[in-house]
>>> print(open('structure.txt').read())   # compact mmCIF, C-alpha atoms and all ligand atoms
# COMPACT_ATOMS: atom_id res chain seq x y z
CA MET B 1 5.47 4.43 11.05
CA LYS B 2 8.94 4.82 12.45
CA GLY B 3 11.82 2.68 11.22
CA PRO B 4 12.27 0.35 8.25
CA VAL B 5 9.10 -0.88 6.57
CA VAL B 6 8.88 -4.10 4.56
CA VAL B 7 5.90 -5.24 2.52
CA LEU B 8 5.44 -8.84 1.37
CA THR B 9 2.79 -9.36 -1.27
CA GLY B 10 1.15 -12.43 -2.76
CA ALA B 11 -1.42 -13.24 -5.41
CA GLY B 12 -4.30 -11.70 -3.38
CA ILE B 13 -3.07 -8.15 -4.06
CA SER B 14 -3.61 -8.67 -7.78
CA ALA B 15 -6.96 -10.45 -7.39
CA GLU B 16 -8.98 -7.27 -7.85
CA SER B 17 -6.97 -6.50 -10.97
CA GLY B 18 -8.37 -9.73 -12.40
CA VAL B 19 -5.30 -11.96 -11.97
CA PRO B 20 -6.38 -15.36 -10.64
CA THR B 21 -4.88 -16.46 -7.31
CA PHE B 22 -3.41 -19.95 -6.91
CA ARG B 23 -5.32 -21.44 -4.00
CA GLY B 24 -8.88 -20.83 -2.80
CA PRO B 25 -12.29 -21.13 -4.46
CA ASP B 26 -11.36 -19.39 -7.73
CA GLY B 27 -7.67 -20.27 -7.59
CA LEU B 28 -5.70 -21.45 -10.61
CA TRP B 29 -5.03 -24.76 -8.93
CA ARG B 30 -8.70 -25.66 -8.69
CA SER B 31 -8.44 -26.44 -12.39
CA PHE B 32 -4.74 -27.32 -12.78
CA ARG B 33 -2.55 -29.52 -10.62
CA PRO B 34 0.61 -27.61 -9.70
CA GLU B 35 2.77 -30.69 -9.85
CA GLU B 36 1.68 -31.09 -13.48
CA LEU B 37 2.60 -27.55 -14.45
CA ALA B 38 4.77 -25.60 -11.98
CA THR B 39 7.70 -27.98 -11.62
CA PRO B 40 10.87 -28.55 -13.63
CA GLU B 41 9.84 -32.19 -14.03
CA ALA B 42 6.57 -31.16 -15.68
CA PHE B 43 8.45 -28.90 -18.08
CA ALA B 44 10.94 -31.64 -18.95
CA ARG B 45 8.05 -34.04 -19.58
CA ASP B 46 5.80 -31.76 -21.61
CA PRO B 47 7.14 -28.26 -22.39
CA LEU B 48 4.27 -27.53 -24.77
CA LEU B 49 1.61 -28.18 -22.11
CA VAL B 50 3.42 -26.00 -19.57
CA TRP B 51 3.93 -23.24 -22.13
CA GLU B 52 0.25 -23.34 -23.13
CA TRP B 53 -0.65 -22.69 -19.48
CA TYR B 54 1.83 -19.83 -19.19
CA ASP B 55 0.81 -18.32 -22.52
CA TRP B 56 -2.82 -18.36 -21.35
CA ARG B 57 -1.87 -16.71 -18.05
CA ARG B 58 0.26 -14.09 -19.85
CA GLN B 59 -2.76 -13.23 -22.01
CA ARG B 60 -4.95 -12.84 -18.91
CA ILE B 61 -2.38 -10.69 -17.08
CA ALA B 62 -1.78 -8.53 -20.17
CA ALA B 63 -5.41 -7.43 -19.92
CA CYS B 64 -5.03 -6.43 -16.23
CA GLN B 65 -4.17 -3.05 -14.72
CA PRO B 66 -2.64 -2.32 -11.32
CA ASN B 67 -5.25 -1.55 -8.65
CA PRO B 68 -5.29 0.99 -5.79
CA ALA B 69 -3.36 -1.39 -3.49
CA HIS B 70 -0.45 -1.57 -5.96
CA ARG B 71 -0.54 2.22 -6.25
CA VAL B 72 -0.45 2.78 -2.47
CA LEU B 73 2.71 0.67 -2.28
CA ALA B 74 4.32 2.73 -5.04
CA GLU B 75 3.44 5.85 -3.06
CA MET B 76 4.85 4.35 0.14
CA GLU B 77 8.14 3.72 -1.66
CA SER B 78 8.29 7.34 -2.73
CA VAL B 79 7.60 8.83 0.71
CA LEU B 80 9.10 6.41 3.24
CA PRO B 81 12.87 6.70 3.69
CA ASP B 82 13.47 2.99 4.37
CA PHE B 83 11.02 0.85 2.42
CA THR B 84 11.39 -2.58 0.82
CA LEU B 85 8.80 -4.26 -1.37
CA ILE B 86 9.08 -8.03 -1.65
CA THR B 87 6.67 -9.88 -3.90
CA GLN B 88 5.94 -13.50 -4.70
CA ASN B 89 4.00 -12.36 -7.75
CA VAL B 90 5.28 -12.78 -11.27
CA ASP B 91 2.75 -10.47 -12.92
CA GLY B 92 4.78 -7.22 -12.97
CA LEU B 93 1.83 -5.14 -11.69
CA HIS B 94 3.87 -3.48 -8.92
CA GLN B 95 6.23 -2.05 -11.53
CA ALA B 96 3.26 -1.06 -13.70
CA ALA B 97 1.91 0.90 -10.70
CA GLY B 98 5.18 2.79 -10.36
CA SER B 99 7.16 0.77 -7.80
CA ARG B 100 10.80 1.12 -8.79
CA ARG B 101 12.54 -1.41 -6.55
CA VAL B 102 10.76 -4.74 -6.32
CA LEU B 103 12.33 -7.91 -4.95
CA GLU B 104 10.70 -10.59 -7.07
CA LEU B 105 11.14 -13.85 -5.19
CA HIS B 106 9.49 -16.08 -7.80
CA GLY B 107 10.68 -14.38 -10.98
CA ASN B 108 8.67 -12.64 -13.66
CA ILE B 109 6.27 -14.11 -16.19
CA TRP B 110 7.35 -11.51 -18.80
CA ARG B 111 10.91 -12.85 -18.91
CA VAL B 112 12.08 -16.01 -20.66
CA ARG B 113 15.24 -17.98 -19.94
CA CYS B 114 17.12 -20.33 -22.24
CA THR B 115 17.50 -23.84 -20.86
CA ARG B 116 20.66 -24.25 -22.97
CA CYS B 117 22.68 -20.99 -22.86
CA GLY B 118 21.03 -19.51 -19.74
CA GLN B 119 20.33 -16.11 -21.30
CA THR B 120 17.29 -14.24 -20.05
CA ARG B 121 15.33 -11.57 -21.85
CA GLU B 122 12.02 -9.80 -21.66
CA ASP B 123 9.33 -10.99 -24.04
CA ARG B 124 5.93 -9.35 -23.70
CA ARG B 125 4.33 -10.70 -26.87
CA VAL B 126 0.88 -12.19 -26.30
CA PRO B 127 0.18 -14.75 -27.51
CA LEU B 128 3.68 -15.98 -28.22
CA PRO B 129 4.03 -16.70 -31.95
CA GLU B 130 5.62 -20.11 -31.42
CA LEU B 131 5.03 -22.64 -28.64
CA PRO B 132 7.23 -23.78 -27.09
CA PRO B 133 9.45 -20.77 -27.85
CA ARG B 134 13.12 -21.23 -28.76
CA CYS B 135 16.26 -19.17 -28.14
CA ALA B 136 18.52 -17.89 -30.95
CA CYS B 137 20.96 -20.64 -29.87
CA GLY B 138 18.30 -23.26 -30.65
CA GLY B 139 17.68 -24.11 -26.98
CA LEU B 140 14.24 -24.37 -25.44
CA LEU B 141 13.08 -21.24 -23.62
CA ARG B 142 11.23 -21.46 -20.31
CA PRO B 143 9.37 -18.84 -18.27
CA ASP B 144 11.86 -17.12 -15.93
CA VAL B 145 9.86 -18.05 -12.84
CA VAL B 146 10.63 -20.24 -9.83
CA TRP B 147 8.97 -23.62 -9.81
CA PHE B 148 8.58 -26.00 -6.87
CA GLY B 149 11.86 -27.59 -5.90
CA GLU B 150 13.91 -24.82 -7.50
CA PRO B 151 16.02 -22.37 -5.53
CA LEU B 152 14.94 -18.74 -5.39
CA PRO B 153 17.32 -16.20 -7.01
CA ALA B 154 20.04 -15.91 -4.35
CA PRO B 155 20.69 -12.14 -4.39
CA VAL B 156 16.96 -11.43 -4.23
CA LEU B 157 16.39 -13.86 -1.37
CA GLU B 158 19.39 -12.49 0.54
CA ALA B 159 18.12 -8.92 0.21
CA ALA B 160 14.67 -10.06 1.35
CA TRP B 161 16.04 -11.88 4.44
CA GLU B 162 18.16 -8.90 5.37
CA ALA B 163 15.24 -6.48 5.03
CA ALA B 164 12.91 -8.81 6.97
CA ALA B 165 15.42 -9.26 9.78
CA ARG B 166 15.89 -5.54 10.41
CA CYS B 167 12.44 -4.07 9.74
CA ARG B 168 10.20 -2.50 12.40
CA TRP B 169 7.00 -3.00 10.41
CA MET B 170 6.01 -5.71 7.98
CA LEU B 171 2.81 -5.58 5.97
CA VAL B 172 1.81 -8.99 4.63
CA ILE B 173 -0.72 -8.60 1.86
CA GLY B 174 -2.73 -11.24 0.01
CA THR B 175 -0.64 -14.34 0.57
CA SER B 176 -1.73 -17.70 1.94
CA ALA B 177 1.74 -17.92 3.56
CA LEU B 178 2.03 -21.59 2.65
CA VAL B 179 4.95 -21.53 0.25
CA GLN B 180 8.50 -21.52 1.58
CA PRO B 181 10.85 -19.78 1.95
CA ALA B 182 8.68 -16.67 1.39
CA ALA B 183 6.35 -17.64 4.24
CA SER B 184 9.25 -17.54 6.71
CA LEU B 185 10.05 -13.87 6.06
CA PRO B 186 7.26 -12.52 8.30
CA ILE B 187 8.22 -15.04 11.00
CA VAL B 188 11.81 -13.78 10.93
CA ALA B 189 10.58 -10.19 11.11
CA HIS B 190 8.26 -11.00 14.03
CA ARG B 191 11.02 -12.82 15.91
CA ASN B 192 13.24 -9.77 15.54
CA GLY B 193 10.61 -7.52 17.05
CA ALA B 194 8.80 -6.17 13.97
CA ARG B 195 5.08 -5.46 14.07
CA LEU B 196 3.13 -7.47 11.53
CA VAL B 197 0.09 -6.07 9.77
CA GLU B 198 -1.85 -8.61 7.73
CA VAL B 199 -4.19 -7.64 4.89
CA ASN B 200 -6.19 -10.60 3.64
CA ILE B 201 -9.76 -11.70 3.02
CA SER B 202 -9.16 -14.85 5.14
CA ASP B 203 -7.08 -16.12 8.04
CA THR B 204 -3.63 -17.52 7.33
CA PRO B 205 -1.00 -19.27 9.47
CA LEU B 206 0.43 -15.78 10.13
CA THR B 207 -2.78 -14.31 11.53
CA PRO B 208 -2.00 -15.22 15.16
CA LEU B 209 1.32 -13.34 14.91
CA ALA B 210 -0.17 -10.17 13.48
CA GLU B 211 -0.55 -7.09 15.63
CA GLU B 212 -3.12 -5.70 13.24
CA VAL B 213 -5.39 -7.81 11.03
CA LEU B 214 -7.15 -5.96 8.25
CA ARG B 215 -9.81 -8.24 6.91
CA GLY B 216 -11.03 -7.53 3.38
CA PRO B 217 -9.93 -6.95 -0.20
CA ALA B 218 -6.53 -5.25 -0.37
CA ALA B 219 -7.59 -2.75 -3.04
CA GLU B 220 -10.17 -1.34 -0.60
CA ILE B 221 -8.45 -1.83 2.74
CA LEU B 222 -4.93 -0.66 1.97
CA PRO B 223 -5.75 2.83 0.59
CA ARG B 224 -8.02 3.45 3.61
CA TRP B 225 -5.38 2.23 6.06
CA TRP B 226 -2.69 4.36 4.43
CA ALA B 227 -4.89 7.47 4.27
CA ALA B 228 -5.79 7.09 7.97
CA ARG B 229 -2.09 7.14 8.83
CA ASN B 230 -1.44 10.15 6.62
CA PRO B 231 -4.19 12.67 7.24
CA GLN B 232 -2.07 15.41 5.62
CA LYS B 233 -1.21 13.08 2.73
CA GLN B 234 0.98 14.64 0.04
CA VAL B 235 0.95 13.83 -3.62
CA ALA B 236 3.36 10.92 -4.14
CA GLY B 237 6.92 12.08 -4.38
CA SER B 238 6.23 15.75 -3.59
CA ARG B 239 7.81 15.67 -0.15
CA ARG B 240 9.66 13.06 1.88
CA GLN B 241 7.63 12.43 4.92
CA GLU B 242 8.85 11.90 8.48
CA ALA B 243 8.29 8.13 8.94
C1 LIG B 301 -6.80 -11.68 -0.94
C2 LIG B 301 -7.65 -11.20 -1.93
C3 LIG B 301 -7.88 -9.84 -1.94
C4 LIG B 301 -7.46 -13.34 -2.22
N1 LIG B 301 -7.30 -9.06 -1.03
N2 LIG B 301 -6.25 -10.89 -0.05
C5 LIG B 301 7.25 -29.20 2.94
C6 LIG B 301 7.30 -28.26 3.96
C7 LIG B 301 7.85 -27.00 3.73
C8 LIG B 301 8.35 -26.66 2.47
C9 LIG B 301 8.29 -27.61 1.49
C10 LIG B 301 7.76 -28.86 1.71
N3 LIG B 301 7.82 -29.55 0.54
C11 LIG B 301 8.38 -28.76 -0.41
C12 LIG B 301 8.68 -27.58 0.15
C13 LIG B 301 9.29 -26.42 -0.51
C14 LIG B 301 8.33 -25.72 -1.43
C15 LIG B 301 7.07 -25.35 -0.65
O1 LIG B 301 7.01 -24.34 0.02
N4 LIG B 301 6.04 -26.18 -0.74
C16 LIG B 301 4.84 -25.99 0.08
C17 LIG B 301 3.66 -25.68 -0.84
C18 LIG B 301 4.63 -27.22 0.90
N5 LIG B 301 9.01 -24.53 -1.89
C19 LIG B 301 9.81 -24.56 -2.95
O2 LIG B 301 9.95 -25.54 -3.62
C20 LIG B 301 10.57 -23.29 -3.26
N6 LIG B 301 11.92 -23.57 -3.46
C21 LIG B 301 12.68 -24.11 -2.48
O3 LIG B 301 12.27 -24.32 -1.37
O4 LIG B 301 13.96 -24.34 -2.89
C22 LIG B 301 14.85 -25.03 -2.00
C23 LIG B 301 16.07 -25.39 -2.81
C24 LIG B 301 17.30 -24.92 -2.40
C25 LIG B 301 18.44 -25.26 -3.14
C26 LIG B 301 18.34 -26.06 -4.28
C27 LIG B 301 17.09 -26.50 -4.70
C28 LIG B 301 15.95 -26.16 -3.97
C29 LIG B 301 10.06 -22.67 -4.55
C30 LIG B 301 8.68 -22.18 -4.45
C31 LIG B 301 8.21 -21.65 -5.81
C32 LIG B 301 6.77 -21.23 -5.80
N7 LIG B 301 6.36 -20.98 -7.15
C33 LIG B 301 5.03 -20.54 -7.42
C34 LIG B 301 4.81 -20.51 -8.95
C35 LIG B 301 5.55 -19.31 -9.55
C36 LIG B 301 5.46 -19.27 -11.03
C37 LIG B 301 4.05 -19.09 -11.51
O5 LIG B 301 3.36 -18.11 -11.17
O6 LIG B 301 3.60 -19.93 -12.27
O7 LIG B 301 4.81 -19.25 -6.85
S1 LIG B 301 3.80 -21.55 -6.61
C38 LIG B 301 2.68 -20.22 -6.26
O8 LIG B 301 2.56 -20.06 -4.82
C39 LIG B 301 3.40 -18.95 -6.76
C40 LIG B 301 3.11 -17.98 -5.66
O9 LIG B 301 4.04 -16.92 -5.69
C41 LIG B 301 3.18 -18.84 -4.42
C42 LIG B 301 2.50 -18.26 -3.22
O10 LIG B 301 1.14 -18.14 -3.44
P1 LIG B 301 0.36 -16.88 -2.84
O11 LIG B 301 0.86 -15.63 -3.45
O12 LIG B 301 0.38 -16.96 -1.36
O13 LIG B 301 -1.09 -17.11 -3.45
P2 LIG B 301 -2.30 -18.02 -2.89
O14 LIG B 301 -3.24 -18.22 -4.02
O15 LIG B 301 -1.81 -19.22 -2.20
O16 LIG B 301 -2.99 -17.11 -1.77
C43 LIG B 301 -3.71 -15.94 -2.08
C44 LIG B 301 -4.07 -15.25 -0.78
O17 LIG B 301 -4.69 -14.02 -1.08
C45 LIG B 301 -5.06 -16.07 0.08
O18 LIG B 301 -4.64 -16.01 1.44
C46 LIG B 301 -6.37 -15.29 -0.08
O19 LIG B 301 -7.19 -15.35 1.09
C47 LIG B 301 -5.88 -13.90 -0.32
N8 LIG B 301 -6.74 -13.04 -1.12
N9 LIG B 301 -8.12 -12.27 -2.69
C48 LIG B 301 -6.52 -9.63 -0.08
N10 LIG B 301 -8.75 -9.29 -2.84
ZN ZN B 302 20.05 -19.96 -25.69
>>> encode(input="structure.txt", output="structure tokens")
Amino acid sequence: MKGPVVVLTGAGISAESGVPTFRGPDGLWRSFRPEELATPEAFARDPLLVWEWYDWRRQRIAACQPNPAHRVLAEMESVLPDFTLITQNVDGLHQAAGSRRVLELHGNIWRVRCTRCGQTREDRRVPLPELPPRCACGGLLRPDVVWFGEPLPAPVLEAAWEAAARCRWMLVIGTSALVQPAASLPIVAHRNGARLVEVNISDTPLTPLAEEVLRGPAAEILPRWWAARNPQKQVAGSRRQEA
């Protein structure tokens, strides 16, 4: 792989770790309506209901470990000279696998943000002792994630656009590519001449643009794909490899 490499991940990469995806047969939104839970309006209407959902998801994610697909991406970061990992996931499993630089487009479920003073902090307690949780200033805390209708964190989105626009390769792993603006990143990359590789168990709107389509579970497919490209594979971090 010569030139800059960008990877965009979605919920599918964490599916084999046991984190439920959003859409699809076992998706979270089969049982919950997103407009009732993942919007600022829902939170304003019923913060306790929204927090109960997030607290439940935090408990599920806390019991999950990164899988081989997360680990391959951490290894890619350590051996490729120009590598950017962009994720829509809020579960923190890329970092748990060893990825050091992760552009989190939709925030992180392990951070809370005060709706009054704006302070953010990490809070990994599961379950949370008090729902809905409150800040030291007395304000209501919310999960530091991006809900529908909210802007993505500007510096993160800018870095993601820039990386997408100049990459030579983009791997798109486990996303339905339905949610904007994340879904536009591979389109920008493709328009600028990058080769798209899609890893997914199903077709997505991006499939027709992909040069390579790897059909199957990411935790199986990605390690095989990476090993095939690196027959003399080194232990992660032991040597920088000619990309
Ligand atoms: C596997 C696998 C395995 C399974 N291996 N693969 C009309 C048109 C266009 C846009 C809009 C529109 N109306 C509204 C919008 C904008 C809206 C949007 O995109 N809506 C569309 C749904 C229509 N977007 C927004 O609102 C965004 N903000 C915005 O646009 O701001 C503008 C603005 C500017 C200035 C001021 C104000 C506003 C924000 C979007 C936020 C998304 N948030 C969520 C929740 C995060 C918090 C939380 O987790 O609770 O992010 S929604 C949810 O979807 C989550 C995900 O990150 C995101 C993407 O989902 P993902 O990752 O693709 O998961 P799935 O489940 O959809 O797909 C899983 C895939 O994996 C599938 O393809 C499977 O096949 C595959 N798979 N197992 C490999 N083992
Ligand atoms: Zn506060």
>>> residues_around(input="structure.txt", residues="Asp91 (chain B)", least_positions_apart="5", cutoff="10 Å", atoms="only C-alpha atoms", output="PyMOL selection string")
chain B and resi 11+14+19+57-58+61-62+64+66+96+104+107-110
>>> residues_near_ligand(input="structure.txt", ligand="ligand ZN 302 (chain B)", cutoff="7 Å", atoms="all atoms listed in the file", output="ChimeraX atom specification")
/B:114-119,135-139
>>> axis_aligned_box(input="structure.txt", around="region 210-219 of chain B", padding_each_side="3 Å", output="JSON")
{"center_x": -5.6, "center_y": -6.5, "center_z": 6.3, "size_x": 16.9, "size_y": 13.4, "size_z": 24.7}
>>> atom_distance(input="structure.txt", atom1="CA of Ala160 (chain B)", atom2="CA of Ala97 (chain B)")
20.7 Å
>>> closest_residue(input="structure.txt", among="B:Ala44, B:Ala63, B:Leu37, B:Ile201", to="ligand LIG 301 (chain B)", atoms="only C-alpha atoms and all ligand atoms")
B:Ile201
>>> residues_around(input="structure.txt", residues="Leu185 (chain B)", least_positions_apart="6", cutoff="10 Å", atoms="only C-alpha atoms", output="NGL selection string")
:B and (6 or 8 or 86 or 157 or 160-165 or 170 or 172 or 177 or 191)
>>> atom_distance(input="structure.txt", atom1="CA of Thr39 (chain B)", atom2="CA of Ala189 (chain B)")
29.0 Å
>>> closest_residue(input="structure.txt", among="B:Gly149, B:Pro4, B:Gly216, B:Pro181", to="Ala42 (chain B)", atoms="all atoms listed in the file")
B:Gly149
>>> residues_around(input="structure.txt", residues="His106 (chain B)", least_positions_apart="3", cutoff="9 Å", atoms="all atoms listed in the file", output="list in words")
Thr87, Gln88, Asn89, Val90, Asp144, Val145, Val146, Trp147, Leu152 and Pro153 of chain B
>>> closest_residue(input="structure.txt", among="B:Leu80, B:Val156, B:Val5, B:Ala38", to="ligand LIG 301 (chain B)", atoms="all atoms listed in the file")
B:Ala38
>>> atom_distance(input="structure.txt", atom1="CA of Pro47 (chain B)", atom2="CA of Pro127 (chain B)")
16.0 Å
>>> closest_residue(input="structure.txt", among="B:Ser202, B:Thr84, B:Gln65, B:Ser17", to="ligand LIG 301 (chain B)", atoms="only C-alpha atoms and all ligand atoms")
B:Ser202
>>> residues_around(input="structure.txt", residues="Trp169 (chain B)", least_positions_apart="6", cutoff="9 Å", atoms="only C-alpha atoms", output="list in words")
Met1, Lys2, Gly3, Pro4, Val5, Val6, Val7, Ala189, His190, Gly193, Ala194, Arg195, Leu196 and Val197 of chain B
>>> closest_residue(input="structure.txt", among="B:Arg166, B:Arg124, B:Arg229, B:Arg215", to="ligand LIG 301 (chain B)", atoms="all atoms listed in the file")
B:Arg215
>>> closest_residue(input="structure.txt", among="B:Val188, B:Leu206, B:Val179, B:Met76", to="ligand LIG 301 (chain B)", atoms="all atoms listed in the file")
B:Val179
>>> residues_around(input="structure.txt", residues="Ile173 (chain B)", least_positions_apart="4", cutoff="7 Å", atoms="only C-alpha atoms", output="list in words")
Leu8, Thr9, Gly10, Ile13, Glu198, Val199 and Asn200 of chain B
>>> build_atoms(input="structure.txt", residues="region 192-201 of chain B", atoms="all heavy atoms", output="JSON list (two decimals), in the coordinates of the input")
[["chain", "number", "residue", "atom", "x", "y", "z"],
["B", 192, "ASN", "N", 12.29, -10.87, 15.29],
["B", 192, "ASN", "CA", 13.24, -9.77, 15.54],
["B", 192, "ASN", "C", 12.54, -8.50, 16.02],
["B", 192, "ASN", "O", 13.13, -7.43, 15.98],
["B", 192, "ASN", "CB", 14.07, -9.48, 14.28],
["B", 192, "ASN", "CG", 15.09, -10.57, 14.03],
["B", 192, "ASN", "OD1", 15.13, -11.58, 14.71],
["B", 192, "ASN", "ND2", 15.95, -10.35, 13.06],
["B", 193, "GLY", "N", 11.28, -8.64, 16.40],
["B", 193, "GLY", "CA", 10.61, -7.52, 17.05],
["B", 193, "GLY", "C", 9.78, -6.63, 16.15],
["B", 193, "GLY", "O", 9.26, -5.61, 16.60],
["B", 194, "ALA", "N", 9.63, -7.00, 14.86],
["B", 194, "ALA", "CA", 8.80, -6.17, 13.97],
["B", 194, "ALA", "C", 7.32, -6.37, 14.28],
["B", 194, "ALA", "O", 6.91, -7.41, 14.79],
["B", 194, "ALA", "CB", 9.08, -6.53, 12.51],
["B", 195, "ARG", "N", 6.54, -5.34, 13.96],
["B", 195, "ARG", "CA", 5.08, -5.46, 14.07],
["B", 195, "ARG", "C", 4.53, -5.91, 12.74],
["B", 195, "ARG", "O", 4.84, -5.32, 11.71],
["B", 195, "ARG", "CB", 4.47, -4.11, 14.41],
["B", 195, "ARG", "CG", 4.93, -3.61, 15.74],
["B", 195, "ARG", "CD", 4.67, -2.14, 15.87],
["B", 195, "ARG", "NE", 5.00, -1.75, 17.24],
["B", 195, "ARG", "CZ", 4.45, -0.76, 17.88],
["B", 195, "ARG", "NH1", 3.53, -0.01, 17.29],
["B", 195, "ARG", "NH2", 4.80, -0.48, 19.10],
["B", 196, "LEU", "N", 3.72, -6.95, 12.78],
["B", 196, "LEU", "CA", 3.13, -7.47, 11.53],
["B", 196, "LEU", "C", 1.73, -6.91, 11.36],
["B", 196, "LEU", "O", 0.93, -6.88, 12.30],
["B", 196, "LEU", "CB", 3.03, -8.99, 11.56],
["B", 196, "LEU", "CG", 4.30, -9.83, 11.68],
["B", 196, "LEU", "CD1", 3.97, -11.30, 11.45],
["B", 196, "LEU", "CD2", 5.37, -9.38, 10.69],
["B", 197, "VAL", "N", 1.45, -6.49, 10.14],
["B", 197, "VAL", "CA", 0.09, -6.07, 9.77],
["B", 197, "VAL", "C", -0.32, -6.98, 8.62],
["B", 197, "VAL", "O", 0.38, -7.04, 7.60],
["B", 197, "VAL", "CB", 0.07, -4.60, 9.29],
["B", 197, "VAL", "CG1", -1.33, -4.19, 8.88],
["B", 197, "VAL", "CG2", 0.63, -3.67, 10.36],
["B", 198, "GLU", "N", -1.42, -7.70, 8.79],
["B", 198, "GLU", "CA", -1.85, -8.61, 7.73],
["B", 198, "GLU", "C", -3.08, -8.06, 7.03],
["B", 198, "GLU", "O", -4.05, -7.67, 7.69],
["B", 198, "GLU", "CB", -2.18, -9.99, 8.29],
["B", 198, "GLU", "CG", -2.59, -10.95, 7.17],
["B", 198, "GLU", "CD", -2.83, -12.38, 7.64],
["B", 198, "GLU", "OE1", -3.79, -12.59, 8.42],
["B", 198, "GLU", "OE2", -2.09, -13.28, 7.23],
["B", 199, "VAL", "N", -3.03, -8.05, 5.71],
["B", 199, "VAL", "CA", -4.19, -7.64, 4.89],
["B", 199, "VAL", "C", -4.59, -8.85, 4.07],
["B", 199, "VAL", "O", -3.83, -9.31, 3.21],
["B", 199, "VAL", "CB", -3.83, -6.47, 3.95],
["B", 199, "VAL", "CG1", -5.05, -6.04, 3.15],
["B", 199, "VAL", "CG2", -3.25, -5.29, 4.72],
["B", 200, "ASN", "N", -5.76, -9.38, 4.33],
["B", 200, "ASN", "CA", -6.19, -10.60, 3.64],
["B", 200, "ASN", "C", -7.69, -10.76, 3.81],
["B", 200, "ASN", "O", -8.25, -10.28, 4.79],
["B", 200, "ASN", "CB", -5.46, -11.83, 4.22],
["B", 200, "ASN", "CG", -5.42, -13.00, 3.26],
["B", 200, "ASN", "OD1", -6.45, -13.46, 2.77],
["B", 200, "ASN", "ND2", -4.22, -13.48, 2.96],
["B", 201, "ILE", "N", -8.33, -11.44, 2.87],
["B", 201, "ILE", "CA", -9.76, -11.70, 3.02],
["B", 201, "ILE", "C", -10.03, -12.87, 3.97],
["B", 201, "ILE", "O", -11.15, -13.08, 4.39],
["B", 201, "ILE", "CB", -10.46, -11.94, 1.66],
["B", 201, "ILE", "CG1", -9.76, -13.05, 0.87],
["B", 201, "ILE", "CG2", -10.51, -10.66, 0.83],
["B", 201, "ILE", "CD1", -10.53, -13.50, -0.36]]
